[in-house]
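Chemist: So here's coords-v1.csv, just CSV, C-alpha atoms and all ligand atoms:
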```csv
chain,number,residue,atom,x,y,z
A,1,MET,CA,-2.2,28.3,-3.9
A,2,LEU,CA,0.2,25.5,-2.9
A,3,ASN,CA,3.9,25.5,-3.6
A,4,THR,CA,5.1,22.8,-6.1
A,5,PRO,CA,8.1,21.2,-4.3
A,6,LYS,CA,11.0,20.0,-6.5
A,7,LEU,CA,13.7,17.5,-5.7
A,8,SER,CA,17.5,18.2,-5.8
A,9,GLU,CA,20.0,15.9,-7.5
A,10,ALA,CA,21.0,14.6,-4.0
A,11,GLN,CA,17.4,13.7,-3.2
A,12,LEU,CA,17.0,11.9,-6.5
A,13,ALA,CA,20.2,9.9,-5.7
A,14,ASP,CA,18.9,9.1,-2.2
A,15,TYR,CA,15.7,7.7,-3.7
A,16,LYS,CA,17.5,5.6,-6.3
A,17,ARG,CA,19.9,4.1,-3.6
A,18,ASP,CA,17.5,3.7,-0.7
A,19,GLY,CA,14.0,3.3,-2.3
A,20,TYR,CA,12.8,6.4,-0.4
A,21,LEU,CA,13.7,10.0,0.4
A,22,VAL,CA,12.6,12.5,3.0
A,23,ALA,CA,11.9,16.1,1.8
A,24,ARG,CA,11.9,18.1,5.0
A,25,GLY,CA,9.7,21.3,5.0
A,26,ALA,CA,8.5,20.7,1.5
A,27,PHE,CA,5.3,22.6,2.5
A,28,GLY,CA,5.4,25.6,4.8
A,29,PRO,CA,3.3,26.6,7.8
A,30,VAL,CA,0.6,28.4,5.9
A,31,GLU,CA,0.1,25.4,3.5
A,32,VAL,CA,0.1,23.1,6.5
A,33,ALA,CA,-2.6,25.2,8.2
A,34,ASP,CA,-4.7,24.8,5.0
A,35,MET,CA,-4.2,21.0,5.0
A,36,ASP,CA,-5.2,20.9,8.6
A,37,ARG,CA,-8.4,22.8,7.8
A,38,TRP,CA,-9.1,20.6,4.7
A,39,ALA,CA,-8.6,17.4,6.6
A,40,LYS,CA,-11.2,18.7,9.2
A,41,GLU,CA,-13.6,19.6,6.4
A,42,LEU,CA,-13.2,16.2,4.9
A,43,LEU,CA,-13.9,14.4,8.2
A,44,ALA,CA,-17.0,16.6,8.6
A,45,MET,CA,-18.4,15.7,5.2
A,46,PRO,CA,-21.5,13.4,5.3
A,47,GLU,CA,-20.9,9.8,4.4
A,48,GLU,CA,-22.8,9.1,1.2
A,49,PRO,CA,-22.6,6.3,-1.3
A,50,GLY,CA,-20.6,7.4,-4.4
A,51,ARG,CA,-18.6,10.1,-2.5
A,52,GLN,CA,-15.4,9.9,-0.5
A,53,TRP,CA,-14.7,6.5,1.0
A,54,VAL,CA,-14.7,6.4,4.8
A,55,TYR,CA,-13.3,3.4,6.6
A,56,TRP,CA,-13.8,2.9,10.4
A,57,GLU,CA,-11.9,0.8,12.9
A,58,LYS,CA,-12.3,-0.2,16.6
A,59,SER,CA,-10.2,1.9,18.9
A,60,LEU,CA,-7.4,0.0,20.6
A,61,ARG,CA,-7.7,2.4,23.5
A,62,GLU,CA,-11.5,2.3,24.0
A,63,PRO,CA,-12.7,-1.0,22.4
A,64,ASP,CA,-16.3,0.1,22.6
A,65,GLN,CA,-15.5,3.1,20.4
A,66,LYS,CA,-15.3,3.3,16.6
A,67,ILE,CA,-13.0,5.8,15.1
A,68,VAL,CA,-12.3,6.8,11.5
A,69,SER,CA,-9.3,4.9,10.3
A,70,ARG,CA,-8.9,6.4,6.8
A,71,ILE,CA,-10.7,8.3,4.0
A,72,GLU,CA,-9.9,7.4,0.4
A,73,ASN,CA,-10.9,8.8,-3.0
A,74,ILE,CA,-10.7,12.3,-1.7
A,75,ALA,CA,-9.5,14.7,-4.5
A,76,PRO,CA,-12.7,14.5,-6.6
A,77,PHE,CA,-14.7,15.8,-3.6
A,78,HIS,CA,-12.3,18.4,-2.2
A,79,ASP,CA,-10.5,21.1,-4.2
A,80,GLY,CA,-7.7,21.5,-1.7
A,81,PHE,CA,-6.7,17.9,-1.8
A,82,TRP,CA,-7.1,18.0,-5.6
A,83,GLU,CA,-4.5,20.8,-5.7
A,84,LEU,CA,-2.2,18.8,-3.3
A,85,ALA,CA,-2.4,15.7,-5.5
A,86,GLU,CA,-1.5,17.9,-8.5
A,87,SER,CA,1.4,19.6,-6.7
A,88,LEU,CA,3.0,16.3,-5.7
A,89,LYS,CA,3.1,15.1,-9.3
A,90,THR,CA,6.2,17.2,-10.1
A,91,MET,CA,8.5,15.4,-7.7
A,92,CYS,CA,7.2,12.0,-8.8
A,93,ALA,CA,7.7,13.0,-12.5
A,94,GLN,CA,11.3,13.9,-11.6
A,95,LEU,CA,11.8,10.4,-10.1
A,96,PHE,CA,10.0,8.6,-13.0
A,97,GLY,CA,11.8,10.6,-15.6
A,98,GLU,CA,8.4,11.1,-17.3
A,99,PRO,CA,5.0,12.6,-16.3
A,100,ALA,CA,3.2,11.0,-13.3
A,101,LEU,CA,-0.5,10.1,-13.1
A,102,LEU,CA,-2.5,9.8,-9.8
A,103,PHE,CA,-3.3,6.2,-9.0
A,104,LYS,CA,-5.0,6.5,-5.6
A,105,GLU,CA,-5.0,8.7,-2.5
A,106,LYS,CA,-6.1,8.7,1.1
A,107,ILE,CA,-5.6,10.2,4.5
A,108,ASN,CA,-4.7,7.8,7.3
A,109,PHE,CA,-6.1,9.5,10.4
A,110,LYS,CA,-4.5,7.2,13.0
A,111,MET,CA,-6.7,8.7,15.8
A,112,PRO,CA,-5.9,7.8,19.4
A,113,GLY,CA,-6.3,4.0,19.5
A,114,GLY,CA,-5.8,3.7,15.7
A,115,ALA,CA,-4.0,0.5,14.6
A,116,GLY,CA,-0.6,0.2,13.1
A,117,PHE,CA,0.4,-1.4,9.7
A,118,ALA,CA,2.1,-4.8,9.6
A,119,PRO,CA,5.4,-4.8,7.6
A,120,HIS,CA,4.5,-4.9,3.9
A,121,GLN,CA,5.3,-3.6,0.4
A,122,ASP,CA,2.4,-1.6,-1.1
A,123,SER,CA,2.6,-3.6,-4.3
A,124,GLN,CA,1.5,-6.6,-2.3
A,125,ALA,CA,-2.0,-5.2,-2.5
A,126,GLY,CA,-2.4,-6.4,-6.1
A,127,TRP,CA,-1.0,-3.3,-7.7
A,128,GLU,CA,1.2,-5.1,-10.3
A,129,ARG,CA,-2.0,-5.7,-12.2
A,130,TYR,CA,-2.2,-2.0,-13.0
A,131,ALA,CA,1.3,-0.8,-13.6
A,132,SER,CA,5.0,-1.7,-13.2
A,133,ASP,CA,6.1,1.0,-10.9
A,134,PHE,CA,4.5,3.3,-8.3
A,135,ILE,CA,5.7,6.1,-6.1
A,136,ASN,CA,3.9,7.0,-2.8
A,137,ALA,CA,4.1,10.6,-1.7
A,138,LEU,CA,3.3,11.0,2.0
A,139,VAL,CA,2.5,14.5,3.4
A,140,CYS,CA,2.7,14.9,7.1
A,141,ILE,CA,-0.2,16.9,8.5
A,142,ASP,CA,0.3,16.3,12.2
A,143,GLU,CA,3.7,15.6,13.7
A,144,ALA,CA,4.4,11.9,13.4
A,145,THR,CA,6.5,10.5,16.2
A,146,ILE,CA,7.7,7.1,17.4
A,147,GLU,CA,5.0,7.3,20.1
A,148,ASN,CA,2.1,8.0,17.7
A,149,GLY,CA,3.1,5.5,15.0
A,150,CYS,CA,5.3,7.3,12.4
A,151,LEU,CA,6.4,5.4,9.2
A,152,GLN,CA,9.1,2.9,9.6
A,153,VAL,CA,11.1,2.3,6.4
A,154,VAL,CA,13.6,-0.3,5.2
A,155,SER,CA,16.4,1.1,3.1
A,156,GLY,CA,17.8,-0.6,0.0
A,157,PHE,CA,15.3,-3.5,-0.5
A,158,HIS,CA,13.2,-1.7,-3.1
A,159,ASP,CA,14.9,-3.3,-6.1
A,160,ARG,CA,14.2,-6.9,-5.0
A,161,GLY,CA,10.7,-7.0,-6.5
A,162,LEU,CA,7.5,-8.4,-5.0
A,163,TYR,CA,7.8,-10.9,-2.1
A,164,ARG,CA,4.2,-12.3,-2.2
A,165,ALA,CA,0.9,-10.7,-3.4
A,166,TRP,CA,-1.9,-10.2,-0.8
A,167,GLU,CA,0.2,-11.2,2.2
A,168,PRO,CA,2.3,-8.9,4.5
A,169,LEU,CA,5.9,-9.8,4.9
A,170,SER,CA,6.8,-12.9,6.9
A,171,GLU,CA,9.5,-13.2,9.6
A,172,LYS,CA,11.7,-15.1,7.2
A,173,GLU,CA,11.3,-12.5,4.4
A,174,MET,CA,12.2,-9.8,6.9
A,175,GLU,CA,15.5,-11.3,7.8
A,176,GLY,CA,18.2,-8.7,7.2
A,177,MET,CA,15.7,-5.8,7.0
A,178,GLU,CA,16.0,-2.9,9.4
A,179,PHE,CA,12.7,-1.0,9.9
A,180,VAL,CA,13.9,2.5,10.8
A,181,PRO,CA,11.3,4.8,12.5
A,182,THR,CA,11.2,8.1,10.4
A,183,PRO,CA,9.5,10.8,12.5
A,184,THR,CA,8.2,13.7,10.4
A,185,LYS,CA,7.0,17.2,11.1
A,186,PRO,CA,3.9,18.9,9.5
A,187,GLY,CA,4.9,19.8,5.9
A,188,ASP,CA,7.5,17.1,5.5
A,189,VAL,CA,7.1,14.7,2.6
A,190,ILE,CA,8.4,11.2,2.2
A,191,LEU,CA,8.5,9.6,-1.2
A,192,PHE,CA,8.8,5.9,-1.4
A,193,ASP,CA,8.8,3.1,-3.9
A,194,SER,CA,5.9,0.6,-3.9
A,195,TYR,CA,8.4,-2.2,-3.3
A,196,THR,CA,10.0,-0.5,-0.3
A,197,PRO,CA,9.1,-2.5,2.9
A,198,HIS,CA,7.5,-0.4,5.6
A,199,SER,CA,5.3,-0.6,8.6
A,200,SER,CA,4.1,1.5,11.5
A,201,GLU,CA,3.0,1.1,15.1
A,202,PRO,CA,-0.5,1.9,16.5
A,203,ASN,CA,-1.2,5.3,18.0
A,204,LEU,CA,-1.8,4.8,21.7
A,205,THR,CA,-1.3,8.5,22.5
A,206,ASP,CA,-4.2,10.9,23.0
A,207,GLN,CA,-3.5,12.9,19.8
A,208,THR,CA,-4.5,12.2,16.3
A,209,ARG,CA,-1.8,11.6,13.7
A,210,ARG,CA,-3.0,12.5,10.2
A,211,ILE,CA,-0.9,11.7,7.1
A,212,TYR,CA,-2.0,12.2,3.4
A,213,PHE,CA,-0.8,9.5,1.0
A,214,ALA,CA,-1.0,9.9,-2.8
A,215,THR,CA,0.3,7.2,-5.1
A,216,TYR,CA,1.3,7.8,-8.8
A,217,ASN,CA,2.2,5.6,-11.8
A,218,ARG,CA,4.0,6.5,-15.0
A,219,LEU,CA,2.1,8.2,-17.8
A,220,SER,CA,3.3,5.4,-20.1
A,221,ASP,CA,1.4,2.9,-17.9
A,222,GLY,CA,-1.8,4.7,-18.6
A,223,ASP,CA,-4.5,6.1,-16.4
A,224,GLN,CA,-5.4,3.3,-13.9
A,225,LEU,CA,-7.3,5.2,-11.2
A,226,ALA,CA,-10.8,4.4,-12.3
A,227,GLN,CA,-10.1,0.7,-12.8
A,228,TYR,CA,-8.3,0.5,-9.4
A,229,TYR,CA,-11.1,2.1,-7.5
A,230,ALA,CA,-13.8,0.0,-9.3
A,231,ASP,CA,-11.9,-3.2,-8.4
A,232,LYS,CA,-11.3,-2.1,-4.8
A,233,HIS,CA,-14.9,-1.0,-4.4
A,234,LYS,CA,-16.0,-4.6,-5.4
A,235,ASN,CA,-13.8,-6.3,-2.9
A,236,TYR,CA,-13.4,-3.8,0.0
A,237,PRO,CA,-15.9,-1.0,-0.3
A,238,PRO,CA,-16.2,1.9,2.3
A,239,ASP,CA,-18.2,1.0,5.4
A,240,ILE,CA,-21.3,2.8,4.3
A,241,GLU,CA,-21.6,0.8,1.0
A,242,ARG,CA,-21.1,-2.7,2.6
A,243,GLU,CA,-23.6,-5.6,2.4
A,244,PRO,CA,-24.7,-6.3,6.0
A,245,ASP,CA,-24.2,-10.0,6.0
A,246,LYS,CA,-20.9,-10.1,4.0
A,247,GLU,CA,-17.5,-10.4,5.7
A,248,TYR,CA,-14.8,-8.0,4.5
A,249,VAL,CA,-11.2,-8.8,5.3
A,250,TYR,CA,-8.4,-6.3,5.1
A,251,ARG,CA,-5.4,-8.2,3.7
A,252,VAL,CA,-2.5,-5.7,2.9
B,301,LIG,O1,-0.2,5.5,8.1
B,301,LIG,C1,0.7,4.7,8.5
B,301,LIG,O2,1.1,4.7,9.6
B,301,LIG,C2,1.4,3.7,7.5
B,301,LIG,C3,0.5,3.5,6.3
B,301,LIG,C4,0.9,2.4,5.5
B,301,LIG,O3,1.9,1.7,5.7
B,301,LIG,C5,0.1,2.1,4.3
B,301,LIG,O4,-1.0,2.7,4.2
B,301,LIG,O5,0.4,1.2,3.5
```
Take the structure in the file and write it out as structure tokens.
Modeler:
Amino acid sequence: MLNTPKLSEAQLADYKRDGYLVARGAFGPVEVADMDRWAKELLAMPEEPGRQWVYWEKSLREPDQKIVSRIENIAPFHDGFWELAESLKTMCAQLFGEPALLFKEKINFKMPGGAGFAPHQDSQAGWERYASDFINALVCIDEATIENGCLQVVSGFHDRGLYRAWEPLSEKEMEGMEFVPTPTKPGDVILFDSYTPHSSEPNLTDQTRRIYFATYNRLSDGDQLAQYYADKHKNYPPDIEREPDKEYVYRV
């Protein structure tokens, strides 16, 4: 049974001011050991159409090798991650001031040779079509360091709205932004607004860096998960469900 972390008044104020907050040790060592096991179980599950979505990438360390980049749409196929997605709702509800609904979730595996993420706002991936406001909850499973590509976050730019849909941030848009590397230990949680600019570097170390990400919208914006996944599946399906001659381009 997972703990249900709750935010203090100071953390709520941090989020409002900065567009993100870091909840150190939100989950303890026993829960982290469970998450480590669950992530291994997930990775070992066969890839089948209609199940969890597995995306692969070419390793930057061994270009002949393909590695799992991320697995999305997890909770319906794994009770542990279902419970984790439920447990994170409480903190998001505190931030929204109303109940939170799950919008999407994934694990970024960032295996040795796994790519980084160009500076972007998550809402740039067409999210404004579904709801006005989202919160991302990141749960650190493996220690995330500067060397293995921890999250880098910009403070105080979350209330400037969307820069451009379907494009990462340009050099000009990033003027004045400071991307601050934010290392995390297993069990730490970062909550960040979908307009908060962030990025990360590749993992060129020899250790995997797994982070679970769950995204929530307000109850008053309705349950958008099924529509989001249906649209995404049309445009960017998991590798196993792709048409062989079609080109699929990751945009944001
Ligand atoms: O996993 C990471 O390093 C960052 C992920 C990220 O920025 C994203 O998925 O939008």
Chemist: Anything within 9 Å of (6.0, 11.2, -6.0): list those residues as a VMD selection string, counting all atoms listed in the file and sticking to the file's coordinates.
Modeler: chain A and resid 88 to 96 100 134 to 138 190 to 193 214 to 217
Chemist: Atom CA of A:Gly114 to atom CA of A:Pro197: how many Å, to one decimal?
Modeler: 20.6 Å
Chemist: Go through chain A and flag each residue having an atom no more than 7 Å from ligand LIG 301 (chain B); for those, report the closest pair of atoms plus their distance in Å to one decimal, using only C-alpha atoms and all ligand atoms, ordered by chain and rising number, as a Markdown table.
Modeler:
```
| residue | atom | partner | partner_atom | distance |
| --- | --- | --- | --- | --- |
| A:Asn108 | CA | B:LIG301 | O1 | 5.1 |
| A:Lys110 | CA | B:LIG301 | O1 | 6.7 |
| A:Gly116 | CA | B:LIG301 | O2 | 5.9 |
| A:Phe117 | CA | B:LIG301 | O3 | 5.3 |
| A:Asp122 | CA | B:LIG301 | O5 | 5.7 |
| A:Gly149 | CA | B:LIG301 | O2 | 5.8 |
| A:Cys150 | CA | B:LIG301 | O2 | 5.7 |
| A:Leu151 | CA | B:LIG301 | O2 | 5.4 |
| A:His198 | CA | B:LIG301 | O3 | 6.0 |
| A:Ser199 | CA | B:LIG301 | O3 | 5.0 |
| A:Ser200 | CA | B:LIG301 | O2 | 4.8 |
| A:Glu201 | CA | B:LIG301 | O2 | 6.8 |
| A:Ile211 | CA | B:LIG301 | O1 | 6.3 |
```
Chemist: Give the answer as one residue: which of A:Ser132, A:Ser194, A:Asn73, A:Ser87 has the shortest atom-to-atom distance to A:Tyr228, using all atoms listed in the file?
Modeler: A:Asn73
Chemist: How many Å lie between atom CA of A:Arg129 and atom CA of A:Arg51, rounded to one decimal?
Modeler: 24.9 Å
Chemist: In terms of the shortest atom-to-atom distance over all atoms listed in the file, which of A:Ala118, A:Leu12, A:Leu42, A:Ile146 is closest to A:Phe77?
Modeler: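 Nearest to A:Phe77: A:Leu42.
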Chemist: For A:Arg24, list every protein, DNA or RNA residue within 12 Å, evaluated using only C-alpha atoms, and leave out those in the same chain fewer than 4 positions away; present the list as a list in words.
Modeler: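 Here the qualifying residues turn out to be Pro5, Lys6, Leu7, Gln11, Gly28, Leu138, Val139, Cys140, Thr182, Pro183, Thr184, Lys185, Pro186, Gly187, Asp188, Val189, Ile190 and Leu191 of chain A.
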Chemist: Output C-alpha atoms of each residue in that selection to a file, as a compact mmCIF listing (two decimals), in the frame of the given file.
Modeler:
```
# COMPACT_ATOMS: atom_id res chain seq x y z
CA PRO A 5 8.10 21.20 -4.30
CA LYS A 6 11.00 20.00 -6.50
CA LEU A 7 13.70 17.50 -5.70
CA GLN A 11 17.40 13.70 -3.20
CA GLY A 28 5.40 25.60 4.80
CA LEU A 138 3.30 11.00 2.00
CA VAL A 139 2.50 14.50 3.40
CA CYS A 140 2.70 14.90 7.10
CA THR A 182 11.20 8.10 10.40
CA PRO A 183 9.50 10.80 12.50
CA THR A 184 8.20 13.70 10.40
CA LYS A 185 7.00 17.20 11.10
CA PRO A 186 3.90 18.90 9.50
CA GLY A 187 4.90 19.80 5.90
CA ASP A 188 7.50 17.10 5.50
CA VAL A 189 7.10 14.70 2.60
CA ILE A 190 8.40 11.20 2.20
CA LEU A 191 8.50 9.60 -1.20
```
Chemist: Return the single residue from A:Val68, A:Ala39, A:Leu102, A:Leu2 that is closest to A:Tyr229, with distances computed using only C-alpha atoms.
Modeler: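 Checking each candidate against A:Tyr229, we get A:Leu102 as the closest.
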Chemist: Using only C-alpha atoms, which residues sit within 10 Å of A:Ala226 once same-chain residues fewer than 5 positions away are excluded, as a VMD selection string?
Modeler: chain A and resid 103 to 104 231 to 232
Chemist: For A:Trp56, please output as a ChimeraX atom specification all residues within 8 Å (counting only C-alpha atoms; exclusion window: fewer than 5 positions along the same chain).
Modeler: /A:66-70,239
Chemist: Compare A:Ser155, A:His120, A:Val249, A:Pro237 by their minimum atom-to-atom distance to A:Asp14, counting only C-alpha atoms, and give me the closest one.
Modeler: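 Of A:Ser155, A:His120, A:Val249, A:Pro237, the one nearest A:Asp14, counting only C-alpha atoms, is A:Ser155.
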Chemist: Closest to A:Val252 among A:Pro202, A:Pro168, A:Pro49, A:Gly156, using all atoms listed in the file?
Modeler: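 Smallest separation from A:Val252 among the options: A:Pro168.
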Chemist: Tell me, in Å to one decimal, how far atom CA of A:His233 is from atom CA of A:Tyr163.
Modeler: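 Between atom CA of A:His233 and atom CA of A:Tyr163 the gap is 24.9 Å.
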Chemist: Which of these, A:Gly80, A:Arg251, A:Ala26, A:Glu243, has the shortest distance to A:Ser8 once you count all atoms listed in the file?
Modeler: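 Closest residue, counting all atoms listed in the file: A:Ala26.
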Chemist: Using all atoms listed in the file, which protein or nucleic acid residues come within 9 Å of A:Met35? Drop anything in the same chain fewer than 5 positions from it, and give the result as an mmCIF file with C-alpha atoms, in the coordinates of the input.
Modeler:
```
data_model
loop_
_atom_site.group_PDB
_atom_site.id
_atom_site.type_symbol
_atom_site.label_atom_id
_atom_site.label_comp_id
_atom_site.auth_asym_id
_atom_site.auth_seq_id
_atom_site.Cartn_x
_atom_site.Cartn_y
_atom_site.Cartn_z
ATOM 1 C CA VAL A 30 0.600 28.400 5.900
ATOM 2 C CA LYS A 40 -11.200 18.700 9.200
ATOM 3 C CA GLY A 80 -7.700 21.500 -1.700
ATOM 4 C CA PHE A 81 -6.700 17.900 -1.800
ATOM 5 C CA LEU A 84 -2.200 18.800 -3.300
ATOM 6 C CA ILE A 141 -0.200 16.900 8.500
#
```
Chemist: What lies within 12 Å of A:Glu173 using only C-alpha atoms, ignoring chain neighbours under 2 positions off, as a list in words?
Modeler: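 Returned residues: Pro119, His120, Gln121, Phe157, Arg160, Leu162, Tyr163, Arg164, Glu167, Pro168, Leu169, Ser170, Glu171, Glu175, Gly176, Met177, Glu178 and Pro197 of chain A.
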Chemist: Within 6 Å of (-0.2, 2.1, -13.8), all atoms listed in the file: residues as a ChimeraX atom specification?
Modeler: /A:130-131,217,221-222,224
Chemist: Could you write out the selected residues, including C-alpha atoms, as a PDB file, in the frame of the given file?
Modeler:
```pdb
ATOM      1  CA  TYR A 130      -2.200  -2.000 -13.000  1.00  0.00           C
ATOM      2  CA  ALA A 131       1.300  -0.800 -13.600  1.00  0.00           C
ATOM      3  CA  ASN A 217       2.200   5.600 -11.800  1.00  0.00           C
ATOM      4  CA  ASP A 221       1.400   2.900 -17.900  1.00  0.00           C
ATOM      5  CA  GLY A 222      -1.800   4.700 -18.600  1.00  0.00           C
ATOM      6  CA  GLN A 224      -5.400   3.300 -13.900  1.00  0.00           C
TER       7      GLN A 224
END
```
